[in-house]
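One file, protein-v1.cif, carrying mmCIF, C-alpha atoms:
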data_start
#
loop_
_atom_site.label_atom_id
_atom_site.label_comp_id
_atom_site.auth_asym_id
_atom_site.auth_seq_id
_atom_site.Cartn_x
_atom_site.Cartn_y
_atom_site.Cartn_z
CA MET A 209 -65.27 -61.54 8.01
CA ALA A 210 -66.45 -59.70 11.15
CA ALA A 211 -68.50 -56.57 10.73
CA PRO A 212 -66.73 -53.29 11.56
CA LEU A 213 -66.94 -52.32 15.20
CA ARG A 214 -69.40 -49.64 16.34
CA ILE A 215 -68.44 -47.93 19.60
CA ALA A 216 -70.22 -45.28 21.66
CA VAL A 217 -67.62 -43.18 23.52
CA LEU A 218 -68.94 -41.06 26.41
CA ALA A 219 -67.01 -38.30 28.17
CA ARG A 220 -67.56 -34.99 29.92
CA ALA A 221 -65.00 -33.25 27.69
CA VAL A 222 -63.03 -33.62 24.48
CA MET A 223 -60.38 -31.54 22.76
CA PRO A 224 -60.82 -29.00 21.18
CA LEU A 225 -64.43 -28.43 22.27
CA HIS A 226 -63.70 -28.20 26.00
CA GLY A 227 -60.02 -27.43 26.47
CA LEU A 228 -56.61 -29.09 26.15
CA GLY A 229 -56.32 -31.12 29.35
CA GLY A 230 -55.33 -34.76 29.78
CA LEU A 231 -58.89 -36.15 29.60
CA GLU A 232 -59.73 -33.96 26.62
CA ARG A 233 -56.66 -35.15 24.73
CA SER A 234 -57.20 -38.81 25.60
CA VAL A 235 -60.80 -38.84 24.36
CA HIS A 236 -59.91 -36.88 21.21
CA ASP A 237 -57.03 -39.18 20.27
CA LEU A 238 -58.89 -42.40 21.06
CA VAL A 239 -61.84 -41.42 18.88
CA ARG A 240 -59.68 -40.19 16.00
CA HIS A 241 -57.44 -43.24 15.93
CA LEU A 242 -60.35 -45.67 16.22
CA ALA A 243 -61.99 -43.98 13.24
CA ALA A 244 -58.73 -44.27 11.28
CA ARG A 245 -59.02 -48.05 11.79
CA ASP A 246 -62.53 -48.18 10.34
CA VAL A 247 -64.29 -48.23 13.71
CA ALA A 248 -67.59 -46.33 13.65
CA VAL A 249 -67.62 -44.05 16.69
CA THR A 250 -70.54 -42.20 18.21
CA LEU A 251 -68.98 -39.56 20.48
CA ILE A 252 -71.33 -38.37 23.23
CA VAL A 253 -70.10 -35.15 24.86
CA PRO A 254 -71.45 -31.78 26.04
CA PRO A 255 -71.78 -28.92 23.55
CA ALA A 256 -68.64 -26.86 23.00
CA THR A 257 -67.68 -24.55 25.86
CA ALA A 258 -68.64 -21.00 24.95
CA SER A 259 -65.14 -19.65 25.61
CA ARG A 260 -63.54 -22.23 23.32
CA ASP A 261 -63.17 -22.42 19.58
CA ALA A 262 -66.17 -24.54 18.69
CA SER A 263 -64.41 -26.01 15.65
CA SER A 264 -64.19 -29.79 15.70
CA ALA A 265 -62.30 -30.12 12.41
CA SER A 266 -59.85 -32.62 13.93
CA LEU A 267 -62.84 -34.88 14.69
CA SER A 268 -64.30 -34.53 11.21
CA SER A 269 -64.60 -38.02 9.75
CA PRO A 270 -67.34 -40.07 8.12
CA ARG A 271 -66.64 -42.65 10.85
CA ILE A 272 -67.31 -40.19 13.71
CA ALA A 273 -70.78 -38.99 14.71
CA ILE A 274 -71.00 -36.45 17.54
CA ARG A 275 -74.02 -36.35 19.84
CA HIS A 276 -74.28 -33.50 22.34
CA VAL A 277 -75.82 -33.92 25.80
CA PRO A 278 -76.13 -30.74 27.92
CA TYR A 279 -73.87 -30.45 30.95
CA VAL A 280 -76.01 -28.30 33.23
CA THR A 281 -74.22 -26.78 36.17
CA PHE A 282 -74.79 -23.94 38.62
CA PRO A 283 -73.94 -20.22 38.40
CA PHE A 284 -70.26 -19.37 38.96
CA ALA A 285 -69.17 -22.98 38.37
CA GLY A 286 -65.58 -23.13 37.21
CA GLN A 287 -64.39 -20.55 39.70
CA ARG A 288 -61.81 -21.48 42.29
CA GLY A 289 -63.20 -23.71 45.01
CA THR A 290 -66.22 -24.96 43.01
CA THR A 291 -64.65 -28.00 41.34
CA ILE A 292 -65.77 -30.57 43.90
CA LEU A 293 -69.34 -29.24 44.00
CA ASP A 294 -69.54 -29.35 40.20
CA ARG A 295 -68.04 -32.84 39.95
CA SER A 296 -70.39 -34.28 42.58
CA THR A 297 -73.59 -32.72 41.26
CA ALA A 298 -73.53 -31.73 37.59
CA TYR A 299 -71.18 -34.53 36.52
CA PRO A 300 -73.28 -37.52 37.74
CA ILE A 301 -76.40 -35.89 36.30
CA TYR A 302 -74.64 -35.47 32.98
CA GLY A 303 -73.44 -39.07 33.20
CA TRP A 304 -76.99 -40.28 33.70
CA ARG A 305 -78.22 -38.37 30.64
CA ALA A 306 -75.27 -39.31 28.42
CA GLY A 307 -75.49 -42.95 29.47
CA ARG A 308 -79.19 -43.09 28.64
CA VAL A 309 -78.45 -41.78 25.13
CA ALA A 310 -75.85 -44.52 24.67
CA ALA A 311 -78.19 -47.17 26.09
CA ALA A 312 -80.88 -46.14 23.60
CA LEU A 313 -78.38 -46.57 20.74
CA ALA A 314 -77.59 -50.05 22.05
CA GLN A 315 -81.28 -50.93 22.32
CA ARG A 316 -81.72 -49.98 18.64
CA GLY A 317 -78.74 -52.13 17.67
CA ASP A 318 -76.65 -49.16 16.57
CA VAL A 319 -73.56 -49.81 18.73
CA ASP A 320 -71.64 -52.92 19.77
CA ILE A 321 -69.79 -51.51 22.80
CA ILE A 322 -70.34 -48.56 25.17
CA HIS A 323 -67.07 -47.04 26.43
CA GLY A 324 -67.39 -44.38 29.13
CA PHE A 325 -64.84 -42.17 30.83
CA GLY A 326 -65.59 -41.84 34.54
CA ALA A 327 -69.14 -41.10 35.64
CA SER A 328 -70.24 -40.35 32.05
CA LEU A 329 -71.21 -44.04 31.83
CA LEU A 330 -73.73 -43.83 34.69
CA GLY A 331 -76.95 -43.86 32.68
CA ALA A 332 -75.88 -46.99 30.80
CA ALA A 333 -74.99 -48.90 33.97
CA GLY A 334 -78.44 -50.48 34.10
CA SER A 335 -78.30 -51.51 30.44
CA HIS A 336 -77.41 -55.11 29.71
CA VAL A 337 -77.71 -54.99 25.91
CA VAL A 338 -74.05 -54.57 24.92
CA PRO A 339 -70.75 -54.84 26.84
CA LEU A 340 -69.69 -51.80 28.86
CA VAL A 341 -66.14 -50.46 29.24
CA LEU A 342 -65.18 -48.05 32.02
CA ASN A 343 -62.07 -45.90 32.01
CA PRO A 344 -62.11 -44.28 35.48
CA GLN A 345 -59.04 -42.15 34.61
CA GLY A 346 -56.98 -41.07 37.64
CA LEU A 347 -59.64 -41.70 40.34
CA GLU A 348 -59.08 -38.25 41.86
CA GLU A 349 -62.41 -38.52 43.69
CA PHE A 350 -60.93 -41.44 45.68
CA GLY A 351 -57.77 -39.51 46.51
CA ALA A 352 -55.68 -41.60 44.12
CA THR A 353 -53.84 -38.59 42.68
CA ALA A 354 -53.07 -36.95 46.02
CA ALA A 355 -50.76 -37.72 48.90
CA SER A 356 -53.75 -37.33 51.23
CA GLN A 357 -57.32 -36.17 50.87
CA PRO A 358 -58.76 -33.61 53.31
CA MET A 359 -61.93 -34.63 55.15
CA LEU A 360 -64.13 -31.98 53.49
CA LYS A 361 -62.91 -33.00 50.04
CA ARG A 362 -63.55 -36.66 50.83
CA ILE A 363 -67.10 -35.85 51.98
CA GLY A 364 -67.70 -33.59 48.98
CA TYR A 365 -66.78 -36.29 46.52
CA THR A 366 -69.17 -38.88 48.04
CA PRO A 367 -71.84 -38.67 45.25
CA LEU A 368 -69.21 -38.94 42.53
CA ARG A 369 -67.58 -41.94 44.19
CA TRP A 370 -70.98 -43.63 44.32
CA ALA A 371 -71.51 -42.93 40.62
CA VAL A 372 -68.11 -44.31 39.58
CA ARG A 373 -68.58 -47.43 41.73
CA ARG A 374 -71.98 -47.97 40.13
CA CYS A 375 -70.37 -47.79 36.71
CA ALA A 376 -67.61 -50.19 37.78
CA ARG A 377 -70.07 -52.80 39.03
CA ALA A 378 -71.86 -52.76 35.69
CA ALA A 379 -68.75 -52.70 33.48
CA ASP A 380 -67.49 -55.76 31.65
CA CYS A 381 -64.00 -54.23 31.57
CA ILE A 382 -62.30 -51.54 33.67
CA ILE A 383 -59.27 -49.90 32.10
CA ALA A 384 -56.27 -48.99 34.25
CA THR A 385 -54.17 -46.40 32.47
CA ASP A 386 -51.01 -47.29 34.41
CA THR A 387 -49.83 -50.34 36.33
CA SER A 388 -49.60 -48.12 39.41
CA LEU A 389 -53.37 -47.60 39.18
CA GLU A 390 -54.19 -51.31 39.35
CA PRO A 391 -54.04 -51.57 43.18
CA THR A 392 -56.06 -48.35 43.50
CA ILE A 393 -58.79 -49.76 41.26
CA ALA A 394 -58.72 -53.01 43.25
CA ARG A 395 -59.02 -51.12 46.54
CA HIS A 396 -61.78 -48.70 45.59
CA LEU A 397 -63.77 -50.39 42.81
CA SER A 398 -63.58 -54.06 43.90
CA PRO A 399 -63.33 -55.51 40.39
CA ALA A 400 -64.00 -59.16 39.64
CA PRO A 401 -61.10 -61.38 38.56
CA GLY A 402 -60.16 -60.56 34.97
CA GLN A 403 -62.25 -57.40 34.88
CA VAL A 404 -59.29 -54.98 34.82
CA GLU A 405 -57.15 -54.46 31.74
CA THR A 406 -54.19 -52.09 31.68
CA ILE A 407 -54.06 -49.93 28.55
CA PRO A 408 -52.01 -46.74 28.95
CA ASN A 409 -52.91 -43.30 27.74
CA GLY A 410 -51.15 -42.64 24.47
CA ILE A 411 -49.53 -39.81 22.58
CA ASP A 412 -49.99 -38.70 18.99
CA LEU A 413 -46.42 -38.99 17.74
CA GLU A 414 -47.19 -37.51 14.35
CA ALA A 415 -48.74 -34.40 15.92
CA ALA A 416 -45.88 -34.02 18.41
CA THR A 417 -43.23 -34.35 15.74
CA SER A 418 -44.92 -31.98 13.29
CA ALA A 419 -45.68 -29.33 15.95
CA ALA A 420 -42.01 -28.31 16.25
CA GLY A 421 -38.62 -29.53 15.13
CA GLU A 422 -35.03 -28.74 15.98
CA ASP A 423 -35.18 -25.36 14.20
CA ALA A 424 -38.10 -24.28 16.39
CA GLY A 425 -36.08 -25.15 19.50
CA VAL A 426 -33.15 -23.04 18.25
CA ALA A 427 -35.51 -20.15 17.45
CA ILE A 428 -37.24 -20.10 20.85
CA ARG A 429 -33.89 -20.19 22.62
CA ARG A 430 -32.73 -17.22 20.55
CA ARG A 431 -35.96 -15.34 21.24
CA HIS A 432 -35.33 -15.66 24.99
CA GLY A 433 -31.66 -14.73 24.78
CA MET A 434 -30.37 -18.23 25.49
CA ALA A 435 -27.02 -19.29 24.05
CA PRO A 436 -26.82 -22.51 22.01
CA ASP A 437 -24.70 -24.18 24.72
CA GLU A 438 -26.75 -22.92 27.67
CA ILE A 439 -28.31 -25.66 29.82
CA VAL A 440 -32.12 -25.52 29.64
CA LEU A 441 -34.09 -27.47 32.24
CA LEU A 442 -37.77 -27.70 31.26
CA SER A 443 -40.83 -28.33 33.44
CA VAL A 444 -44.42 -28.30 32.16
CA GLY A 445 -47.64 -28.26 34.15
CA ARG A 446 -50.17 -26.27 36.08
CA ILE A 447 -48.42 -24.36 38.86
CA GLU A 448 -50.03 -25.93 41.89
CA ARG A 449 -48.61 -27.60 44.97
CA ASN A 450 -48.92 -31.17 43.74
CA LYS A 451 -46.55 -30.50 40.82
CA GLY A 452 -43.62 -30.06 43.21
CA PHE A 453 -42.05 -27.10 41.42
CA ASP A 454 -41.04 -25.64 44.78
CA VAL A 455 -39.07 -28.82 45.51
CA LEU A 456 -37.29 -28.40 42.19
CA ALA A 457 -36.50 -24.76 43.02
CA HIS A 458 -34.72 -25.93 46.18
CA ALA A 459 -32.94 -28.68 44.24
CA LEU A 460 -31.72 -26.18 41.65
CA GLY A 461 -30.50 -23.91 44.43
CA ARG A 462 -28.39 -26.79 45.75
CA THR A 463 -26.88 -27.75 42.42
CA SER A 464 -26.26 -24.14 41.39
CA ARG A 465 -24.17 -23.62 44.54
CA THR A 466 -22.20 -26.84 44.72
CA GLY A 467 -23.25 -29.11 41.87
CA ALA A 468 -23.32 -29.43 38.09
CA LEU A 469 -24.89 -25.99 37.53
CA HIS A 470 -22.28 -24.12 39.55
CA ALA A 471 -20.59 -21.37 37.50
CA ARG A 472 -22.41 -22.48 34.33
CA ALA A 473 -25.00 -20.76 32.12
CA TRP A 474 -28.40 -22.32 32.72
CA ARG A 475 -32.12 -21.61 32.72
CA TRP A 476 -35.14 -23.28 34.24
CA VAL A 477 -38.15 -22.83 31.96
CA VAL A 478 -41.59 -23.39 33.51
CA VAL A 479 -44.45 -23.70 31.01
CA GLY A 480 -47.78 -23.23 32.74
CA SER A 481 -49.67 -21.06 35.19
CA GLY A 482 -51.64 -21.60 38.35
CA PRO A 483 -52.52 -20.63 41.91
CA PHE A 484 -49.23 -21.78 43.50
CA ARG A 485 -47.15 -19.17 41.67
CA SER A 486 -46.61 -16.88 44.70
CA ASP A 487 -45.39 -19.83 46.82
CA LEU A 488 -43.07 -20.88 44.01
CA ASP A 489 -41.75 -17.32 43.72
CA ARG A 490 -40.84 -17.44 47.42
CA ALA A 491 -38.94 -20.70 46.99
CA ILE A 492 -37.07 -19.23 44.03
CA ALA A 493 -36.21 -16.10 46.04
CA ASP A 494 -35.04 -18.22 48.99
CA GLU A 495 -32.59 -19.99 46.67
CA ALA A 496 -31.54 -16.77 44.87
CA ILE A 497 -32.04 -18.32 41.42
CA GLY A 498 -34.57 -15.83 40.06
CA SER A 499 -32.28 -14.64 37.25
CA HIS A 500 -32.20 -18.19 35.89
CA VAL A 501 -35.98 -18.80 35.84
CA VAL A 502 -38.27 -18.20 32.85
CA PHE A 503 -42.05 -18.38 33.32
CA THR A 504 -43.79 -18.64 29.96
CA GLY A 505 -47.37 -18.86 31.23
CA ARG A 506 -49.69 -20.99 29.13
CA ALA A 507 -48.12 -21.79 25.78
CA THR A 508 -49.61 -22.60 22.41
CA GLU A 509 -49.04 -26.11 21.10
CA PRO A 510 -46.24 -25.00 18.73
CA GLU A 511 -44.56 -23.04 21.55
CA LEU A 512 -44.80 -25.95 23.98
CA HIS A 513 -43.26 -28.36 21.51
CA ALA A 514 -40.57 -25.83 20.62
CA TRP A 515 -39.59 -25.78 24.31
CA TYR A 516 -39.32 -29.58 24.31
CA GLU A 517 -36.89 -29.23 21.40
CA ALA A 518 -34.99 -26.44 23.20
CA ALA A 519 -34.59 -28.39 26.44
CA SER A 520 -31.40 -30.08 27.57
CA LEU A 521 -33.31 -32.12 30.16
CA PHE A 522 -36.96 -32.52 31.13
CA VAL A 523 -37.59 -32.42 34.89
CA HIS A 524 -40.95 -33.46 36.36
CA PRO A 525 -40.79 -33.07 40.18
CA THR A 526 -44.43 -33.92 40.88
CA ARG A 527 -45.54 -35.01 44.38
CA TYR A 528 -48.27 -37.19 42.89
CA GLU A 529 -49.40 -37.79 39.34
CA GLY A 530 -51.69 -39.57 36.93
CA SER A 531 -50.29 -40.70 33.59
CA SER A 532 -48.27 -37.52 32.81
CA LEU A 533 -48.78 -36.89 29.11
CA VAL A 534 -46.24 -34.05 29.26
CA THR A 535 -43.56 -36.60 30.13
CA LEU A 536 -44.53 -38.66 27.10
CA GLU A 537 -44.39 -35.52 24.97
CA ALA A 538 -40.87 -34.76 26.18
CA MET A 539 -39.89 -38.36 25.45
CA ALA A 540 -41.36 -38.08 21.96
CA HIS A 541 -38.97 -35.18 21.41
CA ARG A 542 -36.05 -37.42 22.42
CA ARG A 543 -35.42 -35.94 25.84
CA ALA A 544 -34.00 -37.72 28.86
CA ILE A 545 -36.17 -37.42 31.97
CA VAL A 546 -35.62 -36.70 35.65
CA ALA A 547 -38.88 -37.39 37.49
CA THR A 548 -40.32 -38.57 40.76
CA ARG A 549 -41.45 -42.11 41.44
CA ALA A 550 -45.12 -41.10 41.43
CA GLY A 551 -48.28 -42.25 39.66
CA GLY A 552 -47.69 -43.62 36.17
CA LEU A 553 -44.18 -42.20 35.80
CA PRO A 554 -42.36 -45.50 36.58
CA ASP A 555 -44.17 -47.01 33.58
CA LYS A 556 -42.40 -44.49 31.34
CA VAL A 557 -39.08 -43.52 32.94
CA ARG A 558 -36.65 -46.44 33.21
CA PRO A 559 -33.64 -45.59 35.40
CA GLY A 560 -30.37 -46.09 33.58
CA GLU A 561 -32.14 -46.32 30.22
CA ASN A 562 -33.94 -43.04 29.56
CA GLY A 563 -33.74 -41.15 32.84
CA TRP A 564 -33.76 -40.98 36.61
CA LEU A 565 -36.49 -41.55 39.22
CA VAL A 566 -36.31 -40.07 42.72
CA PRO A 567 -38.68 -40.06 45.71
CA PRO A 568 -41.30 -37.27 45.70
CA ASP A 569 -40.64 -34.24 47.90
CA ASP A 570 -36.89 -34.94 48.15
CA ALA A 571 -34.90 -31.92 46.99
CA ALA A 572 -31.55 -33.53 47.80
CA ALA A 573 -32.29 -36.63 45.68
CA LEU A 574 -33.62 -34.44 42.87
CA ALA A 575 -30.47 -32.30 42.90
CA SER A 576 -28.28 -35.42 42.85
CA ALA A 577 -30.16 -36.83 39.83
CA ILE A 578 -29.83 -33.53 37.94
CA ASP A 579 -26.12 -33.42 38.75
CA ASP A 580 -25.70 -36.95 37.42
CA ALA A 581 -27.71 -36.17 34.29
CA LEU A 582 -25.69 -33.08 33.38
CA ARG A 583 -22.26 -34.68 33.77
CA ASP A 584 -22.38 -36.35 30.34
CA PRO A 585 -24.23 -34.60 27.46
CA ALA A 586 -23.57 -37.53 25.14
CA ARG A 587 -25.38 -39.87 27.53
CA LEU A 588 -28.37 -37.50 27.54
CA ALA A 589 -28.62 -37.83 23.77
CA THR A 590 -28.47 -41.61 24.01
CA MET A 591 -31.13 -41.67 26.71
CA GLY A 592 -33.29 -39.32 24.65
CA ALA A 593 -33.19 -41.77 21.76
CA VAL A 594 -34.33 -44.53 24.14
CA SER A 595 -37.19 -42.28 25.30
CA ARG A 596 -38.41 -42.01 21.73
CA THR A 597 -38.16 -45.78 21.22
CA ILE A 598 -40.19 -46.44 24.39
CA VAL A 599 -42.94 -44.13 23.17
CA GLU A 600 -43.00 -45.66 19.69
CA ARG A 601 -43.16 -49.19 21.06
CA GLU A 602 -45.58 -48.75 23.98
CA PHE A 603 -47.34 -45.38 24.02
CA ALA A 604 -47.95 -44.25 20.43
CA TRP A 605 -51.65 -44.01 19.62
CA PRO A 606 -51.61 -46.55 16.78
CA VAL A 607 -50.35 -49.12 19.31
CA ILE A 608 -52.87 -48.02 21.95
CA ALA A 609 -55.77 -47.97 19.48
CA ASP A 610 -54.97 -51.52 18.39
CA ARG A 611 -55.03 -52.65 22.03
CA HIS A 612 -58.45 -51.02 22.49
CA ILE A 613 -59.78 -52.72 19.37
CA ALA A 614 -58.50 -56.13 20.51
CA MET A 615 -60.25 -55.59 23.84
CA TYR A 616 -63.51 -54.51 22.11
CA GLU A 617 -63.42 -57.56 19.86
CA ARG A 618 -63.00 -59.91 22.83
CA LEU A 619 -65.95 -58.29 24.56
CA ARG A 620 -68.10 -58.36 21.43
CA GLY A 621 -67.30 -62.03 20.98
CA ARG A 622 -68.28 -62.70 24.58
CA GLY A 623 -71.57 -60.79 24.22
CA ARG A 624 -73.94 -60.14 27.11
#
Can the structure from this file be put into structure tokens for me?
Amino acid sequence: MAAPLRIAVLARAVMPLHGLGGLERSVHDLVRHLAARDVAVTLIVPPATASRDASSASLSSPRIAIRHVPYVTFPFAGQRGTTILDRSTAYPIYGWRAGRVAAALAQRGDVDIIHGFGASLLGAAGSHVVPLVLNPQGLEEFGATAASQPMLKRIGYTPLRWAVRRCARAADCIIATDTSLEPTIARHLSPAPGQVETIPNGIDLEAATSAAGEDAGVAIRRRHGMAPDEIVLLSVGRIERNKGFDVLAHALGRTSRTGALHARAWRWVVVGSGPFRSDLDRAIADEAIGSHVVFTGRATEPELHAWYEAASLFVHPTRYEGSSLVTLEAMAHRRAIVATRAGGLPDKVRPGENGWLVPPDDAAALASAIDDALRDPARLATMGAVSRTIVEREFAWPVIADRHIAMYERLRGRGR
């Protein structure tokens, strides 16, 4: 019988120590579900962010050991306009330090595999003791999550691109989190044949289901003065240009005048905040739909999941995207989806089965899809059930964790 796996997982952030973003959630859930399958995990991350609850109770397990490596940045980092500078200076330095810690564990025979997210693997790239796994995430530094990358941004990300390429050259396996990312990895990281394996980001179905049920959806509707039969269109995300909320505002203006929302009670609920709010307000004013729009700001986890339950339809109008965990969350709550054909969304939204896909930045197509969706409430319920089945079969963390373990075992069997 093979000995239990021992994995070092390296990242620049993990939930709840450093926030609730996509990377933070992915690292948290991977580690927790590996440990639940008797994998010994050494998690190498920075100390908890001072402004966050430092509790790591959800990571408390005899199979999880946490090692902290300082993430040293410059004064005023984190303010608007400093992201690129931080990512191209502090992040590679952190990755060198974190990788060296992992490499030392490998040298002592304490881990079988080193699995790094992005540049956090850098310091282990020169180690040839155990197999290395790289998850480069969305490859934002290469412009993979944007329609185009401005020259200054491209120049600013040069050190980080070097660091990620260095990690890719050393890795035994590079994980693509969506099939749409495979050509981007091929173009920018030049992998060897067989080096790339596609394993999607997952969702914790148990947590999503327990966070809020049907009663919570009824209650949050009532709290906001929404009738039980009122149409609720839900969008979730940071309010910035790439999310395409302004395109959806124009689409809703169209359908409220001549489409399925005309002369009906409806609301558009936007969960999130961000720097594009004033531009979005202008688009809403141009379409005269302000009385129908509810901005919640940032929501707690129970509130967010209550909104999924309250929604009639989830609409994700993004111009470009990574894996879109919020879409998976909506699907977990049995919601049909209208989304753009961007990033990893086509891996999740299957037209005619659980939703509609339209071109990004196309208000007319978006309005047409919403009109079609709202014509038949019974079909929405059927599509919502398919959404849940897709998540259970392909994107639930037990499934994703098993795929990671199978990949680790192949690498361990291959050795160095």
- Task: Name the residues in contact with stretch 548-550 of chain A at a cut-off of 7 Å, using all atoms listed in the file, excluding same-chain residues fewer than 6 positions from it; report them as a list in words.
- Result: His524, Pro525, Thr526, Arg527, Tyr528, Glu529, Leu565, Val566, Pro567 and Pro568 of chain A
- Message: What does the structure give for the distance between atom CA of A:Pro483 and atom CA of A:Val455, in Å to one decimal?
- Response: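 Pair atom CA of A:Pro483 / atom CA of A:Val455 returns 16.2 Å.
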- Work out how far apart atom CA of A:Arg245 and atom CA of A:Ala216 are and give it in Å to one decimal. 15.2 Å
- Item | Shortest interatomic distance to A:Ala327 - which of A:Ala614, A:Ala459, A:Ile301, A:Leu267, counting all atoms listed in the file |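 Residue with the minimum atom-to-atom distance to A:Ala327: A:Ile301.
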- Message: Using only C-alpha atoms, which protein or nucleic acid residues come within 8 Å of A:Ala311? Drop anything in the same chain fewer than 6 positions from it, and give the result as a list of chain:residue names.
- Response: A:Gly331, A:Ala332, A:Ser335, A:Val337
- Message: My list of candidates is A:Gly229, A:Gly482, A:Gly334, A:Gly552. Which is closest to A:Glu448 when distances are computed with all atoms listed in the file?
- Response: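 Closest to A:Glu448, using all atoms listed in the file: A:Gly482.
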- Message: Quick check, in Å to one decimal: how far apart do atom CA of A:Val594 and atom CA of A:Glu561 lie?
- Response: 6.7 Å
- Message: Using all atoms listed in the file and a cutoff of 12 Å, can you tell me which residues are near (-77.6, -47.1, 34.9) in the file's coordinates, and write them out as a PyMOL selection string?
- Response: chain A and resi 300-301+303-312+327-337+340+371-379
- Resolved residues for the PyMOL selection byres ((chain A and resi 237) around 9) as a list of chain:residue names: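 When the PyMOL selection byres ((chain A and resi 237) around 9) is applied to the shown file, the picked residues are A:Met223, A:Glu232, A:Arg233, A:Ser234, A:Val235, A:His236, A:Leu238, A:Val239, A:Arg240, A:His241, A:Leu242, A:Gly410, A:Ile411, A:Asp412, A:Trp605, A:Ala609.
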Output C-alpha atoms for every residue in the selection just made, as a PDB file, keeping the file's coordinate frame.
ATOM      1  CA  MET A 223     -60.380 -31.540  22.760  1.00  0.00           C
ATOM      2  CA  GLU A 232     -59.730 -33.960  26.620  1.00  0.00           C
ATOM      3  CA  ARG A 233     -56.660 -35.150  24.730  1.00  0.00           C
ATOM      4  CA  SER A 234     -57.200 -38.810  25.600  1.00  0.00           C
ATOM      5  CA  VAL A 235     -60.800 -38.840  24.360  1.00  0.00           C
ATOM      6  CA  HIS A 236     -59.910 -36.880  21.210  1.00  0.00           C
ATOM      7  CA  LEU A 238     -58.890 -42.400  21.060  1.00  0.00           C
ATOM      8  CA  VAL A 239     -61.840 -41.420  18.880  1.00  0.00           C
ATOM      9  CA  ARG A 240     -59.680 -40.190  16.000  1.00  0.00           C
ATOM     10  CA  HIS A 241     -57.440 -43.240  15.930  1.00  0.00           C
ATOM     11  CA  LEU A 242     -60.350 -45.670  16.220  1.00  0.00           C
ATOM     12  CA  GLY A 410     -51.150 -42.640  24.470  1.00  0.00           C
ATOM     13  CA  ILE A 411     -49.530 -39.810  22.580  1.00  0.00           C
ATOM     14  CA  ASP A 412     -49.990 -38.700  18.990  1.00  0.00           C
ATOM     15  CA  TRP A 605     -51.650 -44.010  19.620  1.00  0.00           C
ATOM     16  CA  ALA A 609     -55.770 -47.970  19.480  1.00  0.00           C
TER      17      ALA A 609
END
- Query: When the PyMOL selection byres ((chain A and resi 249) around 7) is applied to the file above, which residues end up in the set, as number ranges by chain?
  - Reply: A: 214-217, 239, 243, 247-248, 250-251, 271-273
- Item | Selection: 10 Å around A:Arg475, all atoms listed in the file, excl. self and same-chain fewer than 4 positions, as a list of chain:residue names |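 The residues satisfying every condition are A:Met434, A:Glu438, A:Ile439, A:Val440, A:Leu441, A:Leu442, A:Leu469, A:Ile497, A:Gly498, A:Ser499, A:His500, A:Val501, A:Val502, A:Ala519, A:Ser520.
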- Task: Identify the residues within 8 Å of coordinate (-33.8, -40.0, 29.9) (same frame as the file), considering only C-alpha atoms, and give the answer as a list in words.
- Result: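 Answer for this query, in the requested form: Leu521, Met539, Arg543, Ala544, Ile545, Val546, Val557, Arg558, Pro559, Gly560, Glu561, Asn562, Gly563, Trp564, Leu588, Met591, Gly592, Val594 and Ser595 of chain A.
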- Using all atoms listed in the file, the best pick from A:Gly364, A:Ala473, A:Arg542, A:Ala571 as closest to A:Gly433 would be A:Ala473
- Message: For this structure, which residues satisfy the selection - the PyMOL selection byres ((chain A and resi 387-399) around 12) - when it is evaluated on the file as given? I want them as a VMD selection string.
- Response: chain A and resid 342 to 353 369 to 386 400 to 409 528 to 531 549 to 556
- Find, counting only C-alpha atoms, the residue in A:Ala577, A:Ala256, A:Leu213, A:Ile492 that gets nearest to A:His458.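 Under the stated criterion, the closest residue is A:Ile492.
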- Query: Which one is closest to A:Trp515: A:Gly480, A:Gly461, A:Gly230, A:Gly425? Count all atoms listed in the file.
  - Reply: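 The shortest atom-to-atom distance to A:Trp515 comes from A:Gly425.
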- Which neighbours of A:Arg490 fall inside 10 Å, counting only C-alpha atoms, when residues of the same chain fewer than 5 positions from it are skipped, and could you give them as a VMD selection string? chain A and resid 454 457 485 495 to 496 498
- Message: I'd like to know which of A:His323, A:Arg431, A:Arg220, A:Arg446 is closest to A:Ser532, using only C-alpha atoms.
- Response: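 Checking each of A:His323, A:Arg431, A:Arg220, A:Arg446 against A:Ser532, counting only C-alpha atoms, the winner is A:Arg446.
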Missing atoms of stretch 598-603 of chain A rebuilt to N, CA and C atoms, written as a short mmCIF file (atom, residue, chain, number, x, y, z; two decimals), in the coordinates of the input:
data_model
loop_
_atom_site.label_atom_id
_atom_site.label_comp_id
_atom_site.auth_asym_id
_atom_site.auth_seq_id
_atom_site.Cartn_x
_atom_site.Cartn_y
_atom_site.Cartn_z
N ILE A 598 -39.17 -45.99 23.43
CA ILE A 598 -40.19 -46.44 24.39
C ILE A 598 -41.56 -45.95 23.97
N VAL A 599 -41.65 -44.68 23.59
CA VAL A 599 -42.94 -44.13 23.17
C VAL A 599 -43.45 -44.84 21.92
N GLU A 600 -42.58 -45.01 20.94
CA GLU A 600 -43.00 -45.66 19.69
C GLU A 600 -43.50 -47.07 19.94
N ARG A 601 -42.84 -47.78 20.83
CA ARG A 601 -43.16 -49.19 21.06
C ARG A 601 -44.37 -49.39 21.97
N GLU A 602 -44.57 -48.49 22.95
CA GLU A 602 -45.58 -48.75 23.98
C GLU A 602 -46.67 -47.70 24.11
N PHE A 603 -46.40 -46.45 23.70
CA PHE A 603 -47.34 -45.38 24.02
C PHE A 603 -47.85 -44.58 22.82
#
